[in-house]
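Pasting structure-v3.cif here (mmCIF, C-alpha atoms):
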```cif
data_run
loop_
_atom_site.label_atom_id
_atom_site.label_comp_id
_atom_site.auth_asym_id
_atom_site.auth_seq_id
_atom_site.Cartn_x
_atom_site.Cartn_y
_atom_site.Cartn_z
CA MET Z 9 251.98 276.74 39.46
CA ARG Z 10 255.15 275.02 38.41
CA LEU Z 11 253.80 271.70 39.64
CA GLY Z 12 250.61 272.19 37.69
CA SER Z 13 252.50 272.85 34.46
CA VAL Z 14 254.62 269.75 34.96
CA HIS Z 15 251.50 267.70 35.52
CA CYS Z 16 249.94 269.06 32.31
CA THR Z 17 253.12 268.29 30.35
CA ILE Z 18 253.18 264.69 31.57
CA SER Z 19 249.49 264.21 30.79
CA TYR Z 20 250.02 265.59 27.29
CA MET Z 21 252.97 263.22 26.65
CA ASP Z 22 251.01 260.22 27.93
CA HIS Z 23 248.10 261.15 25.69
CA ARG Z 24 250.45 261.56 22.72
CA ASN Z 25 252.13 258.18 23.38
CA SER Z 26 248.75 256.45 23.65
CA PHE Z 27 247.70 257.98 20.34
CA LEU Z 28 250.92 256.82 18.67
CA ARG Z 29 250.50 253.29 20.03
CA LEU Z 30 246.91 253.19 18.83
CA TYR Z 31 247.96 254.47 15.41
CA ILE Z 32 250.71 251.86 15.07
CA LEU Z 33 248.41 249.05 16.19
CA SER Z 34 245.79 250.15 13.65
CA ILE Z 35 248.33 250.06 10.82
CA CYS Z 36 249.52 246.59 11.87
CA ALA Z 37 245.96 245.30 12.04
CA VAL Z 38 245.23 246.58 8.51
CA LEU Z 39 248.40 244.97 7.16
CA VAL Z 40 247.68 241.62 8.81
CA PHE Z 41 244.10 241.63 7.55
CA SER Z 42 245.12 242.48 3.98
CA LEU Z 43 247.79 239.76 3.96
CA SER Z 44 245.36 237.18 5.34
CA VAL Z 45 242.79 238.08 2.68
CA ASP Z 46 245.38 237.79 -0.08
CA PHE Z 47 246.60 234.44 1.27
CA THR Z 48 243.09 233.05 1.70
CA THR Z 49 242.03 234.18 -1.76
CA GLY Z 50 245.14 232.76 -3.39
CA HIS Z 51 244.80 229.47 -1.52
CA ALA Z 52 241.13 229.12 -2.46
CA GLN Z 53 241.93 229.73 -6.12
CA THR Z 54 244.71 227.13 -6.27
CA SER Z 55 242.66 224.52 -4.40
CA LEU Z 56 239.69 224.68 -6.77
CA CYS Z 57 239.34 221.60 -8.95
CA GLY Z 58 240.45 222.55 -12.44
CA ASN Z 59 242.85 225.33 -11.42
CA GLY Z 60 245.77 223.13 -10.35
CA SER Z 61 248.70 221.74 -12.28
CA ALA Z 62 250.58 218.47 -12.58
CA PRO Z 63 251.48 216.23 -10.90
CA ASP Z 64 248.69 216.29 -8.28
CA TYR Z 65 246.56 219.16 -9.71
CA ASP Z 66 245.96 220.31 -6.09
CA LEU Z 67 243.66 217.31 -5.58
CA THR Z 68 243.70 215.22 -2.41
CA PHE Z 69 241.27 212.37 -3.12
CA ASP Z 70 242.14 208.83 -2.02
CA PHE Z 71 243.29 206.74 -4.97
CA GLN Z 72 241.09 203.83 -3.84
CA GLN Z 73 237.41 204.57 -3.25
CA PRO Z 74 234.54 202.39 -1.96
CA HIS Z 75 232.42 203.50 -4.95
CA TRP Z 76 233.00 204.62 -8.52
CA THR Z 77 231.05 207.77 -7.55
CA VAL Z 78 233.11 210.25 -5.50
CA GLY Z 79 231.63 213.12 -3.48
CA TRP Z 80 228.10 211.67 -3.49
CA GLU Z 81 227.49 212.21 0.21
CA GLY Z 82 224.73 214.71 0.80
CA TYR Z 83 223.51 214.60 -2.80
CA THR Z 84 222.34 211.05 -3.47
CA SER Z 85 221.66 207.80 -1.63
CA GLU Z 86 224.10 204.95 -1.10
CA ARG Z 87 221.56 202.62 -2.69
CA THR Z 88 221.87 204.61 -5.91
CA VAL Z 89 225.67 204.62 -5.90
CA ASP Z 90 225.53 200.84 -5.31
CA GLU Z 91 223.40 200.50 -8.46
CA VAL Z 92 225.90 202.67 -10.31
CA ASP Z 93 228.72 200.44 -9.08
CA ILE Z 94 227.07 197.37 -10.61
CA ILE Z 95 226.98 198.99 -14.06
CA LEU Z 96 230.47 200.49 -13.89
CA ASP Z 97 231.97 197.29 -12.41
CA ARG Z 98 230.79 195.39 -15.48
CA LEU Z 99 232.16 198.02 -17.86
CA ASN Z 100 235.49 197.76 -16.07
CA GLU Z 101 235.52 193.95 -15.97
CA ASP Z 102 234.71 193.85 -19.71
CA ALA Z 103 237.67 196.21 -20.32
CA ILE Z 104 235.35 198.70 -22.00
CA ALA Z 105 235.81 201.74 -19.76
CA GLN Z 106 237.22 202.40 -16.30
CA THR Z 107 234.81 205.10 -15.21
CA MET Z 108 234.50 207.41 -12.23
CA ILE Z 109 231.94 210.11 -11.44
CA LEU Z 110 232.90 213.20 -9.43
CA ILE Z 111 230.15 215.28 -7.79
CA GLN Z 112 231.22 218.73 -6.56
CA PRO Z 113 229.45 221.96 -5.53
CA GLN Z 114 230.09 224.86 -7.88
CA GLU Z 115 232.11 226.80 -5.30
CA GLN Z 116 234.74 224.03 -5.26
CA VAL Z 117 235.23 223.92 -9.04
CA GLY Z 118 237.30 226.32 -11.10
CA ILE Z 119 237.60 225.57 -14.82
CA ARG Z 120 235.05 222.80 -15.18
CA THR Z 121 236.40 220.98 -18.22
CA ASN Z 122 239.88 221.03 -16.67
CA CYS Z 123 238.46 219.60 -13.45
CA ALA Z 124 237.17 216.52 -15.31
CA VAL Z 125 240.51 215.95 -17.06
CA HIS Z 126 242.57 216.57 -13.94
CA PHE Z 127 240.48 214.12 -11.92
CA LEU Z 128 240.92 211.42 -14.59
CA ARG Z 129 244.68 211.91 -14.62
CA TYR Z 130 245.01 212.22 -10.85
CA MET Z 131 243.03 209.00 -10.23
CA GLN Z 132 245.10 207.25 -12.95
CA LEU Z 133 242.03 205.80 -14.64
CA GLY Z 134 242.50 203.45 -17.55
CA LEU Z 135 244.43 200.27 -18.18
CA PRO Z 136 248.19 200.86 -18.48
CA THR Z 137 248.83 198.20 -21.15
CA GLY Z 138 247.08 195.81 -23.51
CA GLU Z 139 244.55 196.11 -26.27
CA ARG Z 140 242.28 198.41 -24.24
CA LYS Z 141 244.90 200.60 -22.55
CA ASP Z 142 244.04 204.23 -21.63
CA ASN Z 143 240.31 203.42 -21.36
CA GLY Z 144 239.69 205.82 -18.47
CA PHE Z 145 236.59 207.99 -18.38
CA VAL Z 146 235.19 210.65 -16.00
CA PHE Z 147 231.85 212.39 -15.60
CA LEU Z 148 231.91 215.62 -13.58
CA ILE Z 149 228.63 216.78 -12.04
CA VAL Z 150 228.76 220.39 -10.85
CA VAL Z 151 225.93 221.13 -8.43
CA GLU Z 152 224.38 224.58 -8.81
CA PRO Z 153 221.56 226.10 -6.70
CA GLU Z 154 218.74 225.00 -9.02
CA SER Z 155 220.42 222.74 -11.58
CA ILE Z 156 223.46 220.58 -12.40
CA ASP Z 157 226.10 221.01 -15.07
CA VAL Z 158 227.60 217.78 -16.44
CA HIS Z 159 231.00 217.49 -18.16
CA TYR Z 160 233.16 214.57 -19.24
CA ALA Z 161 236.80 213.62 -19.91
CA VAL Z 162 237.78 210.76 -22.23
CA GLY Z 163 240.87 208.57 -22.11
CA LEU Z 164 243.05 208.29 -25.18
CA GLY Z 165 242.02 204.66 -25.61
CA LEU Z 166 238.35 205.47 -26.28
CA PRO Z 167 238.38 207.24 -29.68
CA ALA Z 168 235.06 205.69 -30.77
CA LEU Z 169 233.11 207.67 -28.16
CA THR Z 170 232.05 210.78 -30.06
CA ALA Z 171 231.34 214.25 -28.69
CA ARG Z 172 227.79 214.13 -30.04
CA GLU Z 173 226.94 210.91 -28.15
CA LEU Z 174 228.57 212.03 -24.92
CA THR Z 175 227.05 215.52 -25.00
CA ASN Z 176 223.61 213.98 -25.43
CA ILE Z 177 224.25 211.92 -22.29
CA ASN Z 178 225.20 215.08 -20.38
CA ARG Z 179 222.03 216.88 -21.49
CA ALA Z 180 219.84 213.87 -20.61
CA ALA Z 181 221.20 213.80 -17.04
CA GLU Z 182 220.76 217.56 -16.66
CA ALA Z 183 217.17 217.33 -17.94
CA ALA Z 184 216.40 214.48 -15.53
CA TYR Z 185 217.58 216.61 -12.61
CA GLN Z 186 215.72 219.68 -13.85
CA SER Z 187 212.42 217.81 -14.03
CA THR Z 188 212.73 215.84 -10.77
CA HIS Z 189 215.34 217.75 -8.68
CA SER Z 190 216.60 214.28 -7.75
CA MET Z 191 220.30 213.48 -8.00
CA ASP Z 192 219.37 209.79 -7.83
CA GLU Z 193 217.40 210.10 -11.09
CA ALA Z 194 220.08 212.18 -12.74
CA LEU Z 195 222.87 209.78 -11.75
CA LEU Z 196 221.03 206.67 -12.92
CA THR Z 197 220.06 208.37 -16.19
CA LEU Z 198 223.69 209.34 -16.76
CA VAL Z 199 225.15 205.89 -16.09
CA GLN Z 200 222.50 203.87 -17.91
CA ALA Z 201 222.84 206.03 -21.02
CA PHE Z 202 226.64 205.80 -20.89
CA ASP Z 203 226.49 202.02 -20.56
CA ILE Z 204 224.41 201.80 -23.76
CA VAL Z 205 226.69 204.11 -25.74
CA ALA Z 206 229.92 202.50 -24.51
CA ARG Z 207 228.73 198.98 -25.35
CA ASP Z 208 227.48 200.10 -28.76
CA ASN Z 209 231.02 201.20 -29.56
CA TYR Z 210 233.07 198.56 -27.76
CA ALA Z 211 232.44 194.86 -27.27
CA PRO Z 212 233.62 193.11 -24.10
CA LEU Z 213 237.24 192.05 -24.36
CA ILE Z 214 237.31 188.25 -24.15
CA TYR Z 215 240.68 186.66 -23.56
CA PRO Z 216 241.16 183.37 -25.48
CA THR Z 217 241.29 180.25 -23.33
CA PRO Z 218 244.07 177.76 -24.06
CA THR Z 219 243.02 174.69 -26.01
CA PRO Z 220 243.67 171.47 -24.03
CA GLU Z 221 246.07 169.07 -25.66
CA ASP Z 222 244.81 165.65 -26.69
CA ILE Z 223 246.57 162.82 -24.88
CA THR Z 224 246.77 159.56 -26.76
CA LEU Z 225 246.76 156.54 -24.46
CA PRO Z 226 248.93 153.60 -25.48
CA SER Z 227 247.16 150.60 -26.92
CA GLY Z 228 248.08 146.95 -27.26
CA PRO Z 229 249.95 144.67 -24.84
CA ALA Z 230 253.15 146.73 -25.01
CA GLY Z 231 251.29 149.93 -24.29
CA ILE Z 232 249.42 148.42 -21.34
CA LEU Z 233 252.69 147.14 -19.86
CA ALA Z 234 254.27 150.60 -20.24
CA LEU Z 235 251.27 152.23 -18.53
CA CYS Z 236 251.42 149.75 -15.65
CA GLY Z 237 255.12 150.43 -15.28
CA GLN Z 238 254.51 154.18 -15.01
CA LEU Z 239 251.80 153.65 -12.38
CA CYS Z 240 254.04 151.37 -10.34
CA LEU Z 241 256.87 153.89 -10.52
CA GLY Z 242 254.56 156.67 -9.33
CA ILE Z 243 253.34 154.58 -6.37
CA PHE Z 244 256.92 153.71 -5.45
CA LEU Z 245 257.96 157.40 -5.49
CA LEU Z 246 254.94 158.35 -3.35
CA LEU Z 247 255.79 155.68 -0.75
CA PHE Z 248 259.42 156.79 -0.75
CA VAL Z 249 258.46 160.43 -0.10
CA MET Z 250 256.13 159.40 2.76
CA TRP Z 251 258.94 157.33 4.29
CA MET Z 252 261.35 160.30 4.06
CA LEU Z 253 258.84 162.56 5.83
CA THR Z 254 258.51 160.10 8.73
CA GLN Z 255 262.32 160.02 9.06
CA VAL Z 256 262.54 163.82 9.55
CA GLY Z 257 259.70 163.84 12.09
CA MET Z 258 256.85 165.01 9.85
CA SER Z 259 253.81 162.92 9.25
CA PRO Z 260 251.89 163.51 6.04
CA GLY Z 261 248.89 164.66 8.04
CA GLY Z 262 250.96 167.16 10.02
CA PHE Z 263 251.95 169.29 7.06
CA ASN Z 264 249.99 172.55 7.09
CA PRO Z 265 251.10 175.07 4.47
CA SER Z 266 248.89 177.78 5.97
CA GLY Z 267 249.88 177.30 9.61
CA SER Z 268 253.05 177.32 11.63
CA GLY Z 269 255.85 174.82 11.19
CA PRO Z 270 259.17 174.44 9.40
CA TRP Z 271 257.86 176.61 6.53
CA GLY Z 272 257.41 179.65 8.79
CA GLN Z 273 254.51 181.47 10.33
CA GLY Z 274 251.64 182.32 8.01
CA GLY Z 275 252.50 179.86 5.28
CA PHE Z 276 252.19 181.11 1.73
CA SER Z 277 250.78 184.57 1.31
CA SER Z 278 250.25 186.89 -1.60
CA GLY Z 279 249.51 190.58 -1.62
CA ARG Z 280 247.34 190.08 -4.70
CA GLY Z 281 245.18 187.20 -3.57
CA GLY Z 282 247.31 184.03 -3.32
CA PHE Z 283 246.63 181.56 -0.55
CA SER Z 284 245.95 184.43 1.84
CA SER Z 285 245.33 188.00 0.85
CA GLY Z 286 247.18 190.81 2.57
CA ARG Z 287 243.99 192.91 2.64
CA GLY Z 288 241.66 190.11 3.70
CA SER Z 289 238.41 189.01 2.14
CA SER Z 290 236.19 190.57 4.79
CA GLY Z 291 236.97 194.21 3.93
CA PRO Z 292 234.91 196.36 1.55
CA ARG Z 293 235.70 196.30 -2.12
CA MET Z 294 237.76 199.31 -3.19
CA ARG Z 295 237.70 200.87 -6.64
CA GLY Z 296 240.25 203.00 -8.43
CA GLY Z 297 242.47 203.45 -11.45
CA SER Z 298 244.86 200.90 -12.91
CA GLY Z 299 247.69 203.33 -13.50
CA SER Z 300 247.17 204.94 -16.92
CA GLY Z 301 245.53 208.34 -16.54
CA ARG Z 302 246.22 209.45 -20.10
CA SER Z 303 243.34 211.52 -21.40
CA GLY Z 304 242.49 213.69 -24.35
CA ARG Z 305 239.06 215.11 -25.15
CA THR Z 306 236.80 216.91 -22.73
CA ASN Z 307 233.58 218.89 -22.75
#
```
The structure given in the file should be rewritten as structure tokens.
Amino acid sequence: MRLGSVHCTISYMDHRNSFLRLYILSICAVLVFSLSVDFTTGHAQTSLCGNGSAPDYDLTFDFQQPHWTVGWEGYTSERTVDEVDIILDRLNEDAIAQTMILIQPQEQVGIRTNCAVHFLRYMQLGLPTGERKDNGFVFLIVVEPESIDVHYAVGLGLPALTARELTNINRAAEAAYQSTHSMDEALLTLVQAFDIVARDNYAPLIYPTPTPEDITLPSGPAGILALCGQLCLGIFLLLFVMWMLTQVGMSPGGFNPSGSGPWGQGGFSSGRGGFSSGRGSSGPRMRGGSGSGRSGRTN
């Protein structure tokens, strides 16, 4: 009997310990789950476009993009974004507007007007100096289940673009999508309308070309003699230089500024397109901001 009672006591203690362990594990699991939910929710809120703050606004886009349209994959064709690039390249080359379009699903956007402004600032759109500085511009296309919602952000250097004109462009793009359910049609409608409005308000910036100076040739016997003397002096200097090159072991035909030799491997190079470009001419053209990013109005 005594053995049986001992056995019952041990079984009871084991059962009690198992219950306590299960209870503690349940509490830990609830705490871990609640913390993970809070962390995930907070992270999702701060990573939404339009909910961040300076300097990076919680955005992680590459500063240089192959197209002026960002996030187009899965919504429109590359042929369409190529057509958009042609229009926006010309607006940029004419120093009218440096424009990017951001396409995002609604679940990745917080405050929509903020998203447009933050993207403009983050991508540093707009010229940093000159007559047309701060000419950055952004269209934000928020993709909803059955429609799109278009917003814009305007750089400080584009005061002539009015809210009425730009809002009409937004509505035209939304209507094009509503009637066709084609992002291609909506995107082309948006960009073509913007090109018309931007050029109505701003003419292409044409930089003045320097006027060539008139050179008066000498006349008369004295002038002809002076001209002949200059030519003879030039020929003499050329022959002297060629003779000096042969003395140091370099023939005129052996000088190759882009190859190897006394001037070093690689010759002359320039990161911005001198004799040889650091990025090469065979790579794709990249598009991005010029370093301004200052913006004002949005809708």
Excluding same-chain residues fewer than 5 positions from Z:Leu133, what lies within 8 Å of it counting all atoms listed in the file, as a PyMOL selection string? chain Z and resi 106-107+128+142-145+296-302
Figure out the distance between atom CA of Z:Gln186 and atom CA of Z:Phe147, please, to one decimal in Å. 17.8 Å
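Residues within 10 Å of Z:Phe69, counting only C-alpha atoms and excluding same-chain residues fewer than 5 positions away, are Asp64, Val78, Gly79, Phe127, Tyr130 and Met131 of chain Z.
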Atoms to include: C-alpha atoms. Write the selected residues as a PDB file, keeping the file's coordinate frame.
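again29.pdb written:
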```pdb
ATOM      1  CA  ASP Z  64     248.690 216.290  -8.280  1.00  0.00           C
ATOM      2  CA  VAL Z  78     233.110 210.250  -5.500  1.00  0.00           C
ATOM      3  CA  GLY Z  79     231.630 213.120  -3.480  1.00  0.00           C
ATOM      4  CA  PHE Z 127     240.480 214.120 -11.920  1.00  0.00           C
ATOM      5  CA  TYR Z 130     245.010 212.220 -10.850  1.00  0.00           C
ATOM      6  CA  MET Z 131     243.030 209.000 -10.230  1.00  0.00           C
TER       7      MET Z 131
END
```
Between Z:Arg295, Z:Arg207, Z:His75, Z:Arg305, which one has atoms that come closest to Z:Pro167, using all atoms listed in the file?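 Ranked by minimum distance to Z:Pro167, first place goes to Z:Arg305.
Considering the residues Z:Met252, Z:Val117, Z:Ala211, Z:Leu247 and counting only C-alpha atoms, Z:Glu152 has its shortest atom-to-atom contact with Z:Val117.
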Could you tell me how far atom CA of Z:Leu164 sits from atom CA of Z:Asn307, in Å to one decimal place? 14.4 Å
Could you check which of Z:Glu193, Z:Asp70, Z:Glu154, Z:Asp203 is closest to Z:Leu169, using only C-alpha atoms? Z:Asp203
Of the listed residues Z:Ile119, Z:Val125, Z:Val92, Z:Leu56, that which approaches Z:Ala201 most closely, counting all atoms listed in the file: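 Looking at the shortest contact to Z:Ala201, the residue is Z:Val92.
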Which polymer residues have any atom within 12 Å of an atom of stretch 95-97 of chain Z, counting only C-alpha atoms, with same-chain residues fewer than 4 positions away left out, as a PyMOL selection string? chain Z and resi 74-77+88-91+101-109+144-146+195-204+206-207+293-296
Gap from atom CA of Z:Val205 to atom CA of Z:Ser85 - Å, one decimal: 24.9 Å
Would you please work out which residue, of Z:Thr84, Z:Ser55, Z:Thr175, Z:Thr254, is nearest to Z:Gly118 when using all atoms listed in the file?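 Of all the options, Z:Ser55 lies closest to Z:Gly118.
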Exercise on stretch 126-133 of chain Z, axis-aligned box with 4 Å per side, report centre and edge lengths in Å to one decimal, as JSON:
```
{"center_x": 242.8, "center_y": 211.2, "center_z": -12.4, "size_x": 12.6, "size_y": 18.8, "size_z": 12.4}
```
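Closest approach to Z:Thr170 from the set Z:Gly58, Z:Thr306, Z:Gly291, Z:Thr68 is made by Z:Thr306, with distances taken over all atoms listed in the file.
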Since the input lacks some atoms of stretch 54-66 of chain Z, please model N, CA and C atoms and print them as a compact mmCIF listing (two decimals), keeping the file's coordinate frame.
```
# COMPACT_ATOMS: atom_id res chain seq x y z
N THR Z 54 243.89 228.26 -5.86
CA THR Z 54 244.71 227.13 -6.27
C THR Z 54 244.12 225.80 -5.85
N SER Z 55 243.22 225.78 -4.86
CA SER Z 55 242.66 224.52 -4.40
C SER Z 55 241.37 224.15 -5.15
N LEU Z 56 240.88 225.02 -6.02
CA LEU Z 56 239.69 224.68 -6.77
C LEU Z 56 240.02 223.62 -7.82
N CYS Z 57 239.14 222.65 -7.95
CA CYS Z 57 239.34 221.60 -8.95
C CYS Z 57 239.30 222.22 -10.34
N GLY Z 58 240.35 221.99 -11.10
CA GLY Z 58 240.45 222.55 -12.44
C GLY Z 58 241.41 223.70 -12.55
N ASN Z 59 241.90 224.22 -11.40
CA ASN Z 59 242.85 225.33 -11.42
C ASN Z 59 244.27 224.89 -11.10
N GLY Z 60 244.45 223.61 -10.75
CA GLY Z 60 245.77 223.13 -10.35
C GLY Z 60 246.62 222.73 -11.54
N SER Z 61 247.78 222.19 -11.23
CA SER Z 61 248.70 221.74 -12.28
C SER Z 61 249.33 220.43 -11.86
N ALA Z 62 249.96 219.76 -12.83
CA ALA Z 62 250.58 218.47 -12.58
C ALA Z 62 251.69 218.61 -11.53
N PRO Z 63 251.99 217.59 -10.74
CA PRO Z 63 251.48 216.23 -10.90
C PRO Z 63 250.19 215.91 -10.14
N ASP Z 64 249.86 216.66 -9.08
CA ASP Z 64 248.69 216.29 -8.28
C ASP Z 64 247.49 217.20 -8.53
N TYR Z 65 247.67 218.26 -9.34
CA TYR Z 65 246.56 219.16 -9.71
C TYR Z 65 245.84 219.73 -8.49
N ASP Z 66 246.53 219.81 -7.35
CA ASP Z 66 245.96 220.31 -6.09
C ASP Z 66 244.78 219.47 -5.62
```
